[in-house]
$ cat start_29.csv   # CSV, C-alpha atoms (C1' of nucleotides)
chain,number,residue,atom,x,y,z
L,1,MET,CA,-22.1,-20.6,16.8
L,2,SER,CA,-19.0,-19.4,15.0
L,3,ASN,CA,-18.3,-20.0,11.3
L,4,ARG,CA,-21.8,-20.2,10.1
L,5,LEU,CA,-22.3,-21.7,6.6
L,6,THR,CA,-23.4,-18.6,4.7
L,7,SER,CA,-23.9,-18.3,1.0
L,8,GLN,CA,-21.2,-15.7,0.8
L,9,ARG,CA,-18.7,-18.0,2.4
L,10,THR,CA,-19.6,-20.8,0.0
L,11,ALA,CA,-19.2,-18.4,-2.9
L,12,ILE,CA,-15.8,-17.3,-1.8
L,13,VAL,CA,-14.5,-20.9,-1.2
L,14,GLU,CA,-15.8,-21.9,-4.7
L,15,ALA,CA,-14.1,-19.0,-6.3
L,16,LEU,CA,-10.8,-20.0,-4.7
L,17,ARG,CA,-11.4,-23.7,-5.6
L,18,ASN,CA,-12.0,-23.0,-9.2
L,19,ALA,CA,-9.1,-20.6,-9.7
L,20,PRO,CA,-5.8,-21.8,-11.4
L,21,GLY,CA,-3.8,-20.0,-8.7
L,22,PRO,CA,-4.0,-17.4,-5.9
L,23,LEU,CA,-6.6,-14.6,-6.2
L,24,ARG,CA,-6.6,-11.0,-4.9
L,25,PRO,CA,-9.4,-10.0,-2.6
L,26,CYS,CA,-10.9,-7.9,-5.4
L,27,GLU,CA,-10.7,-10.8,-7.8
L,28,ILE,CA,-12.5,-13.0,-5.3
L,29,LEU,CA,-15.2,-10.3,-5.0
L,30,ASP,CA,-15.7,-10.3,-8.7
L,31,LEU,CA,-15.8,-14.1,-9.1
L,32,ALA,CA,-17.8,-14.9,-6.1
L,33,SER,CA,-20.4,-12.2,-6.9
L,34,ALA,CA,-21.8,-14.5,-9.5
L,35,ARG,CA,-23.0,-16.9,-6.8
L,36,ALA,CA,-23.6,-14.2,-4.1
L,37,PRO,CA,-24.7,-11.0,-5.9
L,38,THR,CA,-24.9,-8.9,-2.7
L,39,LEU,CA,-21.3,-9.8,-1.6
L,40,GLY,CA,-19.2,-6.9,-0.4
L,41,ILE,CA,-15.5,-6.4,-0.1
L,42,ALA,CA,-15.6,-6.3,3.7
L,43,THR,CA,-17.0,-9.8,3.8
L,44,VAL,CA,-14.3,-11.0,1.5
L,45,TYR,CA,-11.6,-9.7,3.9
L,46,ARG,CA,-13.5,-11.0,6.9
L,47,GLN,CA,-13.8,-14.5,5.5
L,48,LEU,CA,-10.2,-14.5,4.4
L,49,LYS,CA,-9.1,-13.5,7.8
L,50,ARG,CA,-11.1,-16.4,9.4
L,51,MET,CA,-9.9,-18.9,6.9
L,52,LEU,CA,-6.3,-17.7,7.5
L,53,GLU,CA,-6.6,-18.3,11.2
L,54,ALA,CA,-8.2,-21.7,10.6
L,55,GLY,CA,-5.4,-22.6,8.1
L,56,ASN,CA,-7.8,-23.1,5.2
L,57,VAL,CA,-6.1,-20.5,3.0
L,58,CYS,CA,-2.6,-19.1,2.8
L,59,THR,CA,-1.2,-15.8,1.4
L,60,VAL,CA,1.0,-15.4,-1.5
L,61,GLU,CA,2.8,-12.0,-1.6
L,62,LEU,CA,3.7,-11.3,-5.2
L,63,GLY,CA,4.8,-7.7,-4.9
L,64,ARG,CA,3.9,-4.3,-3.7
L,65,GLN,CA,0.2,-4.2,-2.8
L,66,ASP,CA,-0.3,-7.5,-4.4
L,67,VAL,CA,-1.3,-10.1,-1.8
L,68,ARG,CA,-3.2,-13.1,-3.1
L,69,TYR,CA,-4.9,-16.0,-1.3
L,70,GLU,CA,-5.3,-19.7,-2.2
L,71,LEU,CA,-6.7,-22.7,-0.5
L,72,THR,CA,-4.1,-24.7,1.4
L,73,ASP,CA,-5.6,-28.0,0.4
L,74,ARG,CA,-4.8,-28.0,-3.3
L,75,GLY,CA,-2.4,-31.0,-3.6
L,76,HIS,CA,0.7,-28.8,-3.8
L,77,PRO,CA,3.5,-28.5,-1.2
L,78,ALA,CA,3.1,-25.6,1.2
L,79,HIS,CA,5.3,-23.1,-0.6
L,80,HIS,CA,5.2,-24.1,-4.3
L,81,PRO,CA,6.1,-21.5,-6.9
L,82,HIS,CA,3.7,-19.3,-8.9
L,83,PHE,CA,3.6,-18.1,-12.5
L,84,VAL,CA,2.4,-14.5,-13.0
L,85,CYS,CA,1.4,-13.5,-16.5
L,86,ARG,CA,2.7,-10.0,-17.3
L,87,ASN,CA,0.0,-9.6,-19.8
L,88,CYS,CA,-3.2,-10.4,-18.0
L,89,GLY,CA,-1.9,-10.4,-14.4
L,90,ASP,CA,-3.3,-13.8,-13.5
L,91,ALA,CA,-1.3,-16.1,-11.2
L,92,PHE,CA,-1.0,-19.8,-11.7
L,93,ASP,CA,0.2,-22.6,-9.4
L,94,VAL,CA,3.4,-24.4,-10.2
L,95,PRO,CA,3.6,-27.9,-8.6
L,96,ARG,CA,7.1,-27.9,-7.1
L,97,SER,CA,10.3,-26.0,-6.5
L,98,PRO,CA,13.6,-26.9,-8.1
L,99,ASP,CA,16.2,-28.7,-6.0
L,100,GLY,CA,19.1,-26.9,-4.4
L,101,ILE,CA,17.3,-24.1,-2.8
L,102,ALA,CA,18.4,-25.2,0.7
L,103,ASP,CA,22.0,-24.7,-0.4
L,104,LEU,CA,21.5,-21.1,-1.4
L,105,ALA,CA,21.3,-19.5,2.1
L,106,PRO,CA,24.5,-17.7,3.0
L,107,PRO,CA,26.8,-19.5,5.5
L,108,GLY,CA,25.6,-19.1,9.0
L,109,PHE,CA,22.0,-18.2,7.9
L,110,ALA,CA,19.1,-20.4,8.8
L,111,LEU,CA,16.7,-21.0,5.9
L,112,GLU,CA,13.1,-21.5,7.0
L,113,ASP,CA,11.0,-20.9,3.9
L,114,HIS,CA,11.1,-19.5,0.4
L,115,GLU,CA,8.9,-17.9,-2.2
L,116,LEU,CA,9.6,-18.4,-6.0
L,117,THR,CA,7.7,-16.4,-8.5
L,118,LEU,CA,8.0,-16.9,-12.3
L,119,TYR,CA,7.1,-14.0,-14.7
L,120,GLY,CA,6.2,-14.3,-18.3
L,121,ARG,CA,3.1,-14.9,-20.5
L,122,CYS,CA,0.4,-17.5,-19.9
L,123,SER,CA,-0.6,-19.8,-22.7
L,124,ASP,CA,-3.9,-18.0,-23.3
L,125,CYS,CA,-2.2,-14.7,-23.8
L,126,ILE,CA,0.4,-16.3,-26.1
L,127,LYS,CA,-2.3,-18.1,-28.2
L,128,ALA,CA,-4.4,-14.9,-28.5
L,129,ASN,CA,-1.3,-12.8,-29.1
L,130,ASP,CA,-3.7,-10.4,-27.4
L,131,PRO,CA,-2.5,-7.5,-25.2
L,132,ASP,CA,-5.3,-8.3,-22.8
L,133,ALA,CA,-6.4,-11.9,-22.9
L,134,GLY,CA,-6.7,-13.9,-19.7
Q,1,MET,CA,22.0,20.1,-17.2
Q,2,SER,CA,20.1,17.0,-16.0
Q,3,ASN,CA,21.4,14.7,-13.4
Q,4,ARG,CA,23.5,17.1,-11.5
Q,5,LEU,CA,26.0,15.6,-9.1
Q,6,THR,CA,24.5,16.7,-5.8
Q,7,SER,CA,25.7,15.7,-2.3
Q,8,GLN,CA,22.3,14.0,-1.7
Q,9,ARG,CA,22.7,11.9,-4.8
Q,10,THR,CA,26.1,10.8,-3.8
Q,11,ALA,CA,25.0,9.9,-0.3
Q,12,ILE,CA,22.1,7.8,-1.7
Q,13,VAL,CA,24.4,5.9,-4.1
Q,14,GLU,CA,26.9,5.2,-1.3
Q,15,ALA,CA,24.2,3.9,1.0
Q,16,LEU,CA,23.1,1.5,-1.7
Q,17,ARG,CA,26.7,0.5,-2.5
Q,18,ASN,CA,27.5,-0.3,1.1
Q,19,ALA,CA,24.4,-2.3,1.8
Q,20,PRO,CA,24.4,-6.1,1.9
Q,21,GLY,CA,21.2,-6.2,-0.1
Q,22,PRO,CA,18.3,-4.1,-1.3
Q,23,LEU,CA,17.1,-1.2,0.8
Q,24,ARG,CA,13.8,0.4,1.4
Q,25,PRO,CA,13.4,4.2,0.7
Q,26,CYS,CA,13.2,4.9,4.5
Q,27,GLU,CA,16.3,2.8,5.1
Q,28,ILE,CA,18.1,4.7,2.4
Q,29,LEU,CA,17.0,8.0,4.1
Q,30,ASP,CA,18.4,6.8,7.4
Q,31,LEU,CA,21.7,5.6,6.0
Q,32,ALA,CA,22.3,8.4,3.6
Q,33,SER,CA,21.5,11.1,6.2
Q,34,ALA,CA,24.9,10.5,7.8
Q,35,ARG,CA,26.5,12.0,4.7
Q,36,ALA,CA,23.8,14.4,3.8
Q,37,PRO,CA,22.1,15.5,7.0
Q,38,THR,CA,19.4,17.7,5.3
Q,39,LEU,CA,18.3,14.8,3.1
Q,40,GLY,CA,14.5,14.4,2.8
Q,41,ILE,CA,12.4,11.5,1.8
Q,42,ALA,CA,11.1,13.2,-1.3
Q,43,THR,CA,14.6,13.5,-2.7
Q,44,VAL,CA,15.2,9.8,-2.0
Q,45,TYR,CA,12.1,8.9,-4.1
Q,46,ARG,CA,13.1,11.4,-6.8
Q,47,GLN,CA,16.6,10.0,-7.1
Q,48,LEU,CA,15.4,6.5,-7.1
Q,49,LYS,CA,13.0,7.3,-9.9
Q,50,ARG,CA,15.7,8.8,-12.0
Q,51,MET,CA,18.1,6.0,-11.3
Q,52,LEU,CA,15.4,3.5,-12.2
Q,53,GLU,CA,14.8,5.2,-15.5
Q,54,ALA,CA,18.6,5.3,-16.1
Q,55,GLY,CA,18.9,1.6,-15.2
Q,56,ASN,CA,21.3,2.2,-12.4
Q,57,VAL,CA,19.0,0.6,-9.8
Q,58,CYS,CA,16.3,-2.1,-9.9
Q,59,THR,CA,13.4,-2.8,-7.6
Q,60,VAL,CA,13.0,-5.9,-5.5
Q,61,GLU,CA,9.4,-6.5,-4.4
Q,62,LEU,CA,9.4,-8.5,-1.2
Q,63,GLY,CA,5.8,-8.2,-0.2
Q,64,ARG,CA,3.0,-6.0,0.5
Q,65,GLN,CA,4.3,-2.4,0.8
Q,66,ASP,CA,7.9,-3.6,0.8
Q,67,VAL,CA,9.7,-2.5,-2.3
Q,68,ARG,CA,13.4,-2.2,-2.0
Q,69,TYR,CA,16.1,-0.9,-4.3
Q,70,GLU,CA,19.6,-2.1,-5.2
Q,71,LEU,CA,22.3,-1.0,-7.6
Q,72,THR,CA,22.2,-3.0,-10.8
Q,73,ASP,CA,26.0,-3.1,-11.0
Q,74,ARG,CA,26.8,-5.4,-8.1
Q,75,GLY,CA,28.4,-8.3,-9.8
Q,76,HIS,CA,25.3,-10.5,-9.5
Q,77,PRO,CA,23.0,-11.7,-12.3
Q,78,ALA,CA,20.1,-9.5,-13.0
Q,79,HIS,CA,17.5,-11.4,-10.9
Q,80,HIS,CA,19.5,-13.2,-8.2
Q,81,PRO,CA,17.7,-14.4,-5.1
Q,82,HIS,CA,17.4,-12.5,-1.8
Q,83,PHE,CA,17.5,-13.7,1.8
Q,84,VAL,CA,15.1,-11.8,4.2
Q,85,CYS,CA,15.7,-12.2,7.9
Q,86,ARG,CA,12.4,-12.6,9.7
Q,87,ASN,CA,13.9,-11.3,12.9
Q,88,CYS,CA,15.5,-8.0,11.8
Q,89,GLY,CA,13.9,-7.6,8.4
Q,90,ASP,CA,17.1,-6.9,6.5
Q,91,ALA,CA,17.5,-8.3,3.0
Q,92,PHE,CA,20.8,-9.8,1.7
Q,93,ASP,CA,21.9,-10.7,-1.8
Q,94,VAL,CA,22.3,-14.3,-2.8
Q,95,PRO,CA,24.7,-14.8,-5.7
Q,96,ARG,CA,22.8,-17.1,-8.0
Q,97,SER,CA,19.6,-19.0,-8.6
Q,98,PRO,CA,19.4,-22.8,-8.6
Q,99,ASP,CA,19.3,-24.7,-11.9
Q,100,GLY,CA,16.0,-26.0,-13.4
Q,101,ILE,CA,13.9,-22.9,-13.0
Q,102,ALA,CA,13.4,-22.6,-16.7
Q,103,ASP,CA,11.8,-26.1,-16.7
Q,104,LEU,CA,9.1,-25.1,-14.1
Q,105,ALA,CA,6.9,-22.9,-16.3
Q,106,PRO,CA,3.7,-24.8,-17.3
Q,107,PRO,CA,3.5,-26.1,-20.8
Q,108,GLY,CA,2.7,-23.4,-23.3
Q,109,PHE,CA,3.8,-20.6,-21.0
Q,110,ALA,CA,6.7,-18.3,-21.8
Q,111,LEU,CA,9.1,-17.7,-18.9
Q,112,GLU,CA,10.7,-14.3,-19.0
Q,113,ASP,CA,12.0,-13.8,-15.5
Q,114,HIS,CA,11.8,-15.0,-11.9
Q,115,GLU,CA,12.0,-13.8,-8.3
Q,116,LEU,CA,13.3,-16.0,-5.5
Q,117,THR,CA,13.1,-14.9,-1.9
Q,118,LEU,CA,14.5,-17.0,1.0
Q,119,TYR,CA,13.1,-16.4,4.5
Q,120,GLY,CA,14.8,-17.3,7.8
Q,121,ARG,CA,17.3,-15.8,10.2
Q,122,CYS,CA,20.5,-14.0,9.4
Q,123,SER,CA,23.8,-14.9,11.0
Q,124,ASP,CA,23.8,-11.8,13.3
Q,125,CYS,CA,20.4,-12.6,14.7
Q,126,ILE,CA,21.4,-16.2,15.2
Q,127,LYS,CA,24.6,-15.4,17.0
Q,128,ALA,CA,23.0,-12.8,19.2
Q,129,ASN,CA,20.0,-15.1,19.7
Q,130,ASP,CA,18.4,-11.7,20.1
Q,131,PRO,CA,14.8,-10.9,19.0
Q,132,ASP,CA,16.0,-7.7,17.4
Q,133,ALA,CA,19.6,-7.9,16.3
Q,134,GLY,CA,20.4,-6.9,12.8
Y,1,DC,C1',31.8,35.7,-10.2
Y,2,DC,C1',27.0,35.3,-12.4
Y,3,DT,C1',23.2,33.4,-14.3
Y,4,DC,C1',19.8,30.0,-14.8
Y,5,DA,C1',17.7,26.0,-14.5
Y,6,DA,C1',17.9,21.6,-12.0
Y,7,DT,C1',17.5,20.1,-7.4
Y,8,DT,C1',16.1,20.3,-2.9
Y,9,DG,C1',13.2,20.1,1.7
Y,10,DA,C1',9.0,20.5,4.3
Y,11,DG,C1',4.6,19.7,4.4
Y,12,DA,C1',0.2,18.8,2.1
Y,13,DA,C1',-2.1,15.8,-0.6
Y,14,DA,C1',-3.1,11.6,-3.1
Y,15,DC,C1',-3.5,6.8,-3.0
Y,16,DG,C1',-4.8,2.0,-2.0
Y,17,DA,C1',-5.1,-1.9,1.0
Y,18,DG,C1',-7.2,-3.2,4.8
Y,19,DT,C1',-10.2,-2.2,9.2
Y,20,DA,C1',-14.0,-0.5,12.1
Y,21,DT,C1',-18.9,0.9,12.7
Y,22,DC,C1',-23.5,-0.1,12.9
Y,23,DA,C1',-28.1,-1.0,11.4
Y,24,DT,C1',-30.0,-4.9,9.0
Y,25,DT,C1',-30.1,-9.8,7.5
Y,26,DA,C1',-30.1,-14.6,8.1
Y,27,DG,C1',-28.1,-19.2,10.2
Y,28,DT,C1',-28.9,-22.3,14.0
Y,29,DA,C1',-30.8,-24.4,18.0
Y,30,DT,C1',-34.8,-25.2,20.4
J,1,DA,C1',-42.0,-20.9,14.2
J,2,DT,C1',-39.1,-18.1,17.4
J,3,DA,C1',-35.3,-16.1,19.5
J,4,DC,C1',-30.7,-15.3,19.7
J,5,DT,C1',-26.6,-13.9,17.8
J,6,DA,C1',-23.1,-14.3,14.1
J,7,DA,C1',-22.6,-12.5,9.7
J,8,DT,C1',-23.4,-9.1,6.3
J,9,DG,C1',-23.1,-4.6,3.4
J,10,DA,C1',-22.3,0.2,2.8
J,11,DT,C1',-19.3,3.4,3.9
J,12,DA,C1',-16.3,6.0,6.8
J,13,DC,C1',-11.9,5.6,8.5
J,14,DT,C1',-6.9,4.3,9.4
J,15,DC,C1',-2.3,4.0,8.1
J,16,DG,C1',1.9,3.7,5.6
J,17,DT,C1',3.8,4.7,1.0
J,18,DT,C1',4.5,7.7,-2.7
J,19,DT,C1',3.7,12.0,-5.2
J,20,DC,C1',2.9,17.0,-5.6
J,21,DT,C1',3.7,21.9,-4.6
J,22,DC,C1',6.5,25.8,-4.2
J,23,DA,C1',9.8,28.8,-2.3
J,24,DA,C1',14.7,28.4,-1.4
J,25,DT,C1',19.1,26.4,-2.7
J,26,DT,C1',22.9,25.1,-5.4
J,27,DG,C1',25.5,22.8,-9.4
J,28,DA,C1',27.5,23.8,-13.9
J,29,DG,C1',28.8,26.5,-17.8
J,30,DG,C1',30.2,30.8,-19.5
$ encode --input "start_29.csv" --output "C-alpha cells"
Amino acid sequence: MSNRLTSQRTAIVEALRNAPGPLRPCEILDLASARAPTLGIATVYRQLKRMLEAGNVCTVELGRQDVRYELTDRGHPAHHPHFVCRNCGDAFDVPRSPDGIADLAPPGFALEDHELTLYGRCSDCIKANDPDAG
Amino acid sequence: MSNRLTSQRTAIVEALRNAPGPLRPCEILDLASARAPTLGIATVYRQLKRMLEAGNVCTVELGRQDVRYELTDRGHPAHHPHFVCRNCGDAFDVPRSPDGIADLAPPGFALEDHELTLYGRCSDCIKANDPDAG
DNA sequence: CCTCAATTGAGAAACGAGTATCATTAGTAT
DNA sequence: ATACTAATGATACTCGTTTCTCAATTGAGG
C-alpha cells in the first residue's frame, strides 16, 4: 500500500544514483525531469522525506539554505567529507575523513559526529578555466 | 565620517569577543542588549555587514538557516573547526584542524578552503545531564 | 555649542525553503 | 478489467531570516 513504485520515485532515485555527490531538491527536480517530465517540486520533497524516514537518503548541510541529499548506500562511511566547487557549485563525495578528528573535541565534550566540507575548484572547471563550467 | 563609534557597535563587538564561539544574529541581539538596551535586530545585521566588508568578522555556516559570526582576530587560524552542542545549540571554537586535509581533495581538484564542524554535547550539558543546559 | 551626515529603531516588506491543500492520476490487489 | 487508495502536480501558504524605509537620534569636526 505504501511506497508505491512510481515513475517519479524511480527518476528521483536514478538522479541521486548518477550524481557525483549530494544534490539539492531543485537539482533533483532538474535531473529527474528528463525521466519524469511532469515531475513537480512537491513530489521531490515528499519522496525525499519518505526516503529520509526509511534511511535510504541522508542530508548534507553545506551552508545557509543549502541542504543536499544523497543515497546512504554509496560505499562511503556515513559521514564522509564533501568537496564543493566554488565555481559551478556542484558537490562531490570524498571517500574518507582524515585521522585525528576524535581528538579535536574540547576536554569534557562528547563527540558524536562531524561534517567536513572542502571548498575549491573541481577538475572540470579547472580544465575549462571557465567561469561557469560544471 | 563612516564607521562611527556608537554604543551599539561597541556592544556588538563585546558580545562577539566574550563568546566561546560564533554567534547568530539573534544571539548577538540578546547578549548585546545588556549593554545597549535599545538595540534592534536591523542594527545587528547592518553592523555585521560592515564588519564583514572590513574583514573584522567572518561567517560560519553551520546548516540550513544557521549562519553565525565571529571576530576574525581570535588567535585561531582562519578556518578552524567548531563544536556544536546538539543539546543547547551553542557553538564553540576548536583551535586547529587535523593534518591531512589537503590530501583529501580528489585528483585534479584545487583545494582552497575547508569547514569542519563537530557535533556532540558540550561539557555543561553533560555535567548537568540536562536536556537544556547551555 | 552647532551643524550635518551617519546611524539607529520599529515595523513593513522581501525572500526562499519547505509544507499543505485538493482535485486528478495511476499503482496494486483482486 | 475494476475498485480502492496512495501518489501526484499546481499553487497557495507558512515561517524564519534578512533587507528596506523613513523619521528620529547622535557622533564627530569645526
$ residues_around --input "start_29.csv" --residues "region 20-33 of chain Q" --least-positions-apart "3" --cutoff "9 Å" --atoms "only C-alpha atoms (C1' of nucleotides)" --output "MDAnalysis selection string"
chainID Q and resid 8 10:17 36:41 44:45 48 59:60 66:71 82:83 90:94
$ write_last_selection --input "start_29.csv" --atoms "C-alpha atoms" --output "mmCIF file, in the frame of the given file"
data_model
loop_
_atom_site.group_PDB
_atom_site.id
_atom_site.type_symbol
_atom_site.label_atom_id
_atom_site.label_comp_id
_atom_site.auth_asym_id
_atom_site.auth_seq_id
_atom_site.Cartn_x
_atom_site.Cartn_y
_atom_site.Cartn_z
ATOM 1 C CA GLN Q 8 22.300 14.000 -1.700
ATOM 2 C CA THR Q 10 26.100 10.800 -3.800
ATOM 3 C CA ALA Q 11 25.000 9.900 -0.300
ATOM 4 C CA ILE Q 12 22.100 7.800 -1.700
ATOM 5 C CA VAL Q 13 24.400 5.900 -4.100
ATOM 6 C CA GLU Q 14 26.900 5.200 -1.300
ATOM 7 C CA ALA Q 15 24.200 3.900 1.000
ATOM 8 C CA LEU Q 16 23.100 1.500 -1.700
ATOM 9 C CA ARG Q 17 26.700 0.500 -2.500
ATOM 10 C CA ALA Q 36 23.800 14.400 3.800
ATOM 11 C CA PRO Q 37 22.100 15.500 7.000
ATOM 12 C CA THR Q 38 19.400 17.700 5.300
ATOM 13 C CA LEU Q 39 18.300 14.800 3.100
ATOM 14 C CA GLY Q 40 14.500 14.400 2.800
ATOM 15 C CA ILE Q 41 12.400 11.500 1.800
ATOM 16 C CA VAL Q 44 15.200 9.800 -2.000
ATOM 17 C CA TYR Q 45 12.100 8.900 -4.100
ATOM 18 C CA LEU Q 48 15.400 6.500 -7.100
ATOM 19 C CA THR Q 59 13.400 -2.800 -7.600
ATOM 20 C CA VAL Q 60 13.000 -5.900 -5.500
ATOM 21 C CA ASP Q 66 7.900 -3.600 0.800
ATOM 22 C CA VAL Q 67 9.700 -2.500 -2.300
ATOM 23 C CA ARG Q 68 13.400 -2.200 -2.000
ATOM 24 C CA TYR Q 69 16.100 -0.900 -4.300
ATOM 25 C CA GLU Q 70 19.600 -2.100 -5.200
ATOM 26 C CA LEU Q 71 22.300 -1.000 -7.600
ATOM 27 C CA HIS Q 82 17.400 -12.500 -1.800
ATOM 28 C CA PHE Q 83 17.500 -13.700 1.800
ATOM 29 C CA ASP Q 90 17.100 -6.900 6.500
ATOM 30 C CA ALA Q 91 17.500 -8.300 3.000
ATOM 31 C CA PHE Q 92 20.800 -9.800 1.700
ATOM 32 C CA ASP Q 93 21.900 -10.700 -1.800
ATOM 33 C CA VAL Q 94 22.300 -14.300 -2.800
#
$ closest_atom_pairs --input "start_29.csv" --of "chain Y" --to "chain L" --cutoff "10 Å" --atoms "all atoms listed in the file" --output "CSV"
residue,atom,partner,partner_atom,distance
Y:DG16,C1',L:Gln65,CA,8.0
Y:DA17,C1',L:Gln65,CA,6.9
Y:DG18,C1',L:Tyr45,CA,7.9
Y:DT19,C1',L:Ala42,CA,8.7
Y:DA26,C1',L:Thr6,CA,8.5
Y:DG27,C1',L:Arg4,CA,6.4
Y:DT28,C1',L:Met1,CA,7.5
Y:DA29,C1',L:Met1,CA,9.6
$ write_last_selection --input "start_29.csv" --atoms "C-alpha atoms (C1' of nucleotides)" --output "PDB file, in the coordinates of the input"
ATOM      1  C1'  DG Y  16      -4.800   2.000  -2.000  1.00  0.00           C
ATOM      2  C1'  DA Y  17      -5.100  -1.900   1.000  1.00  0.00           C
ATOM      3  C1'  DG Y  18      -7.200  -3.200   4.800  1.00  0.00           C
ATOM      4  C1'  DT Y  19     -10.200  -2.200   9.200  1.00  0.00           C
ATOM      5  C1'  DA Y  26     -30.100 -14.600   8.100  1.00  0.00           C
ATOM      6  C1'  DG Y  27     -28.100 -19.200  10.200  1.00  0.00           C
ATOM      7  C1'  DT Y  28     -28.900 -22.300  14.000  1.00  0.00           C
ATOM      8  C1'  DA Y  29     -30.800 -24.400  18.000  1.00  0.00           C
TER       9       DA Y  29
END
$ residues_around --input "start_29.csv" --residues "DC22 (chain Y)" --least-positions-apart "2" --cutoff "12 Å" --atoms "only C-alpha atoms (C1' of nucleotides)" --output "ChimeraX atom specification"
/Y:20,24 /J:8-12
$ closest_atom_pairs --input "start_29.csv" --of "chain Q" --to "chain L" --cutoff "12 Å" --atoms "only C-alpha atoms" --output "CSV"
residue,atom,partner,partner_atom,distance
Q:Pro20,CA,L:Pro106,CA,11.7
Q:Thr59,CA,L:Gly63,CA,10.3
Q:Val60,CA,L:Gly63,CA,8.4
Q:Glu61,CA,L:Gly63,CA,4.8
Q:Leu62,CA,L:Gly63,CA,6.0
Q:Gly63,CA,L:Gly63,CA,4.8
Q:Arg64,CA,L:Arg64,CA,4.6
Q:Gln65,CA,L:Arg64,CA,4.9
Q:Asp66,CA,L:Arg64,CA,6.1
Q:Val67,CA,L:Arg64,CA,6.2
Q:Arg68,CA,L:Arg64,CA,9.9
Q:His79,CA,L:Leu118,CA,11.1
Q:His80,CA,L:Leu104,CA,10.6
Q:Pro81,CA,L:Leu104,CA,8.5
Q:His82,CA,L:Ala105,CA,8.9
Q:Phe83,CA,L:Ala105,CA,6.9
Q:Val84,CA,L:His114,CA,9.5
Q:Cys85,CA,L:Phe109,CA,8.7
Q:Arg86,CA,L:Glu112,CA,9.3
Q:Asn87,CA,L:Ala110,CA,11.3
Q:Ala91,CA,L:Pro106,CA,11.7
Q:Phe92,CA,L:Pro106,CA,8.8
Q:Asp93,CA,L:Pro106,CA,8.9
Q:Val94,CA,L:Leu104,CA,7.0
Q:Pro95,CA,L:Leu104,CA,8.3
Q:Arg96,CA,L:Leu104,CA,7.8
Q:Ser97,CA,L:Leu104,CA,7.7
Q:Pro98,CA,L:Gly100,CA,5.9
Q:Asp99,CA,L:Pro98,CA,7.2
Q:Gly100,CA,L:Pro98,CA,5.9
Q:Ile101,CA,L:Pro98,CA,6.3
Q:Ala102,CA,L:Leu118,CA,9.0
Q:Asp103,CA,L:Pro98,CA,8.8
Q:Leu104,CA,L:Val94,CA,6.9
Q:Ala105,CA,L:Phe83,CA,7.0
Q:Pro106,CA,L:Val94,CA,7.1
Q:Pro107,CA,L:Ser123,CA,7.8
Q:Gly108,CA,L:Ser123,CA,4.9
Q:Phe109,CA,L:Cys122,CA,4.7
Q:Ala110,CA,L:Arg121,CA,5.1
Q:Leu111,CA,L:Gly120,CA,4.5
Q:Glu112,CA,L:Gly120,CA,4.6
Q:Asp113,CA,L:Tyr119,CA,5.0
Q:His114,CA,L:Leu118,CA,4.3
Q:Glu115,CA,L:Thr117,CA,5.0
Q:Leu116,CA,L:Leu116,CA,4.4
Q:Thr117,CA,L:Glu115,CA,5.2
Q:Leu118,CA,L:His114,CA,4.3
Q:Tyr119,CA,L:Asp113,CA,5.0
Q:Gly120,CA,L:Leu111,CA,4.6
Q:Arg121,CA,L:Ala110,CA,5.1
Q:Cys122,CA,L:Phe109,CA,4.7
Q:Ser123,CA,L:Phe109,CA,4.9
Q:Asp124,CA,L:Phe109,CA,8.6
Q:Cys125,CA,L:Phe109,CA,9.0
Q:Ile126,CA,L:Phe109,CA,7.6
Q:Lys127,CA,L:Gly108,CA,8.9
$ residues_around --input "start_29.csv" --residues "DA13 (chain Y)" --least-positions-apart "5" --cutoff "12 Å" --atoms "all atoms listed in the file" --output "JSON, numbers by chain"
{"J": [18, 19, 20, 21]}
$ atom_distance --input "start_29.csv" --atom1 "CA of Asn56 (chain Q)" --atom2 "CA of Ala78 (chain Q)"
11.8 Å
$ atom_distance --input "start_29.csv" --atom1 "C1' of DT7 (chain Y)" --atom2 "CA of Arg50 (chain Q)"
12.3 Å
$ axis_aligned_box --input "start_29.csv" --around "region 4-14 of chain L" --padding-each-side "6 Å" --output "JSON"
{"center_x": -19.2, "center_y": -18.8, "center_z": 2.7, "size_x": 21.4, "size_y": 18.2, "size_z": 26.8}
$ closest_residue --input "start_29.csv" --among "L:Arg35, L:Asp73, L:Thr43, L:Ser7" --to "chain J" --atoms "all atoms listed in the file"
L:Thr43
$ interface_residues --input "start_29.csv" --of "chain J" --to "chain Q" --cutoff "9 Å" --atoms "only C-alpha atoms (C1' of nucleotides)" --output "PDB file with C-alpha atoms (C1' of nucleotides), in the coordinates of the input"
ATOM      1  C1'  DG J  16       1.900   3.700   5.600  1.00  0.00           C
ATOM      2  C1'  DT J  17       3.800   4.700   1.000  1.00  0.00           C
ATOM      3  C1'  DT J  18       4.500   7.700  -2.700  1.00  0.00           C
ATOM      4  C1'  DT J  19       3.700  12.000  -5.200  1.00  0.00           C
ATOM      5  C1'  DT J  26      22.900  25.100  -5.400  1.00  0.00           C
ATOM      6  C1'  DG J  27      25.500  22.800  -9.400  1.00  0.00           C
ATOM      7  C1'  DA J  28      27.500  23.800 -13.900  1.00  0.00           C
TER       8       DA J  28
END
$ atom_distance --input "start_29.csv" --atom1 "CA of Gln47 (chain L)" --atom2 "CA of Pro77 (chain L)"
23.2 Å
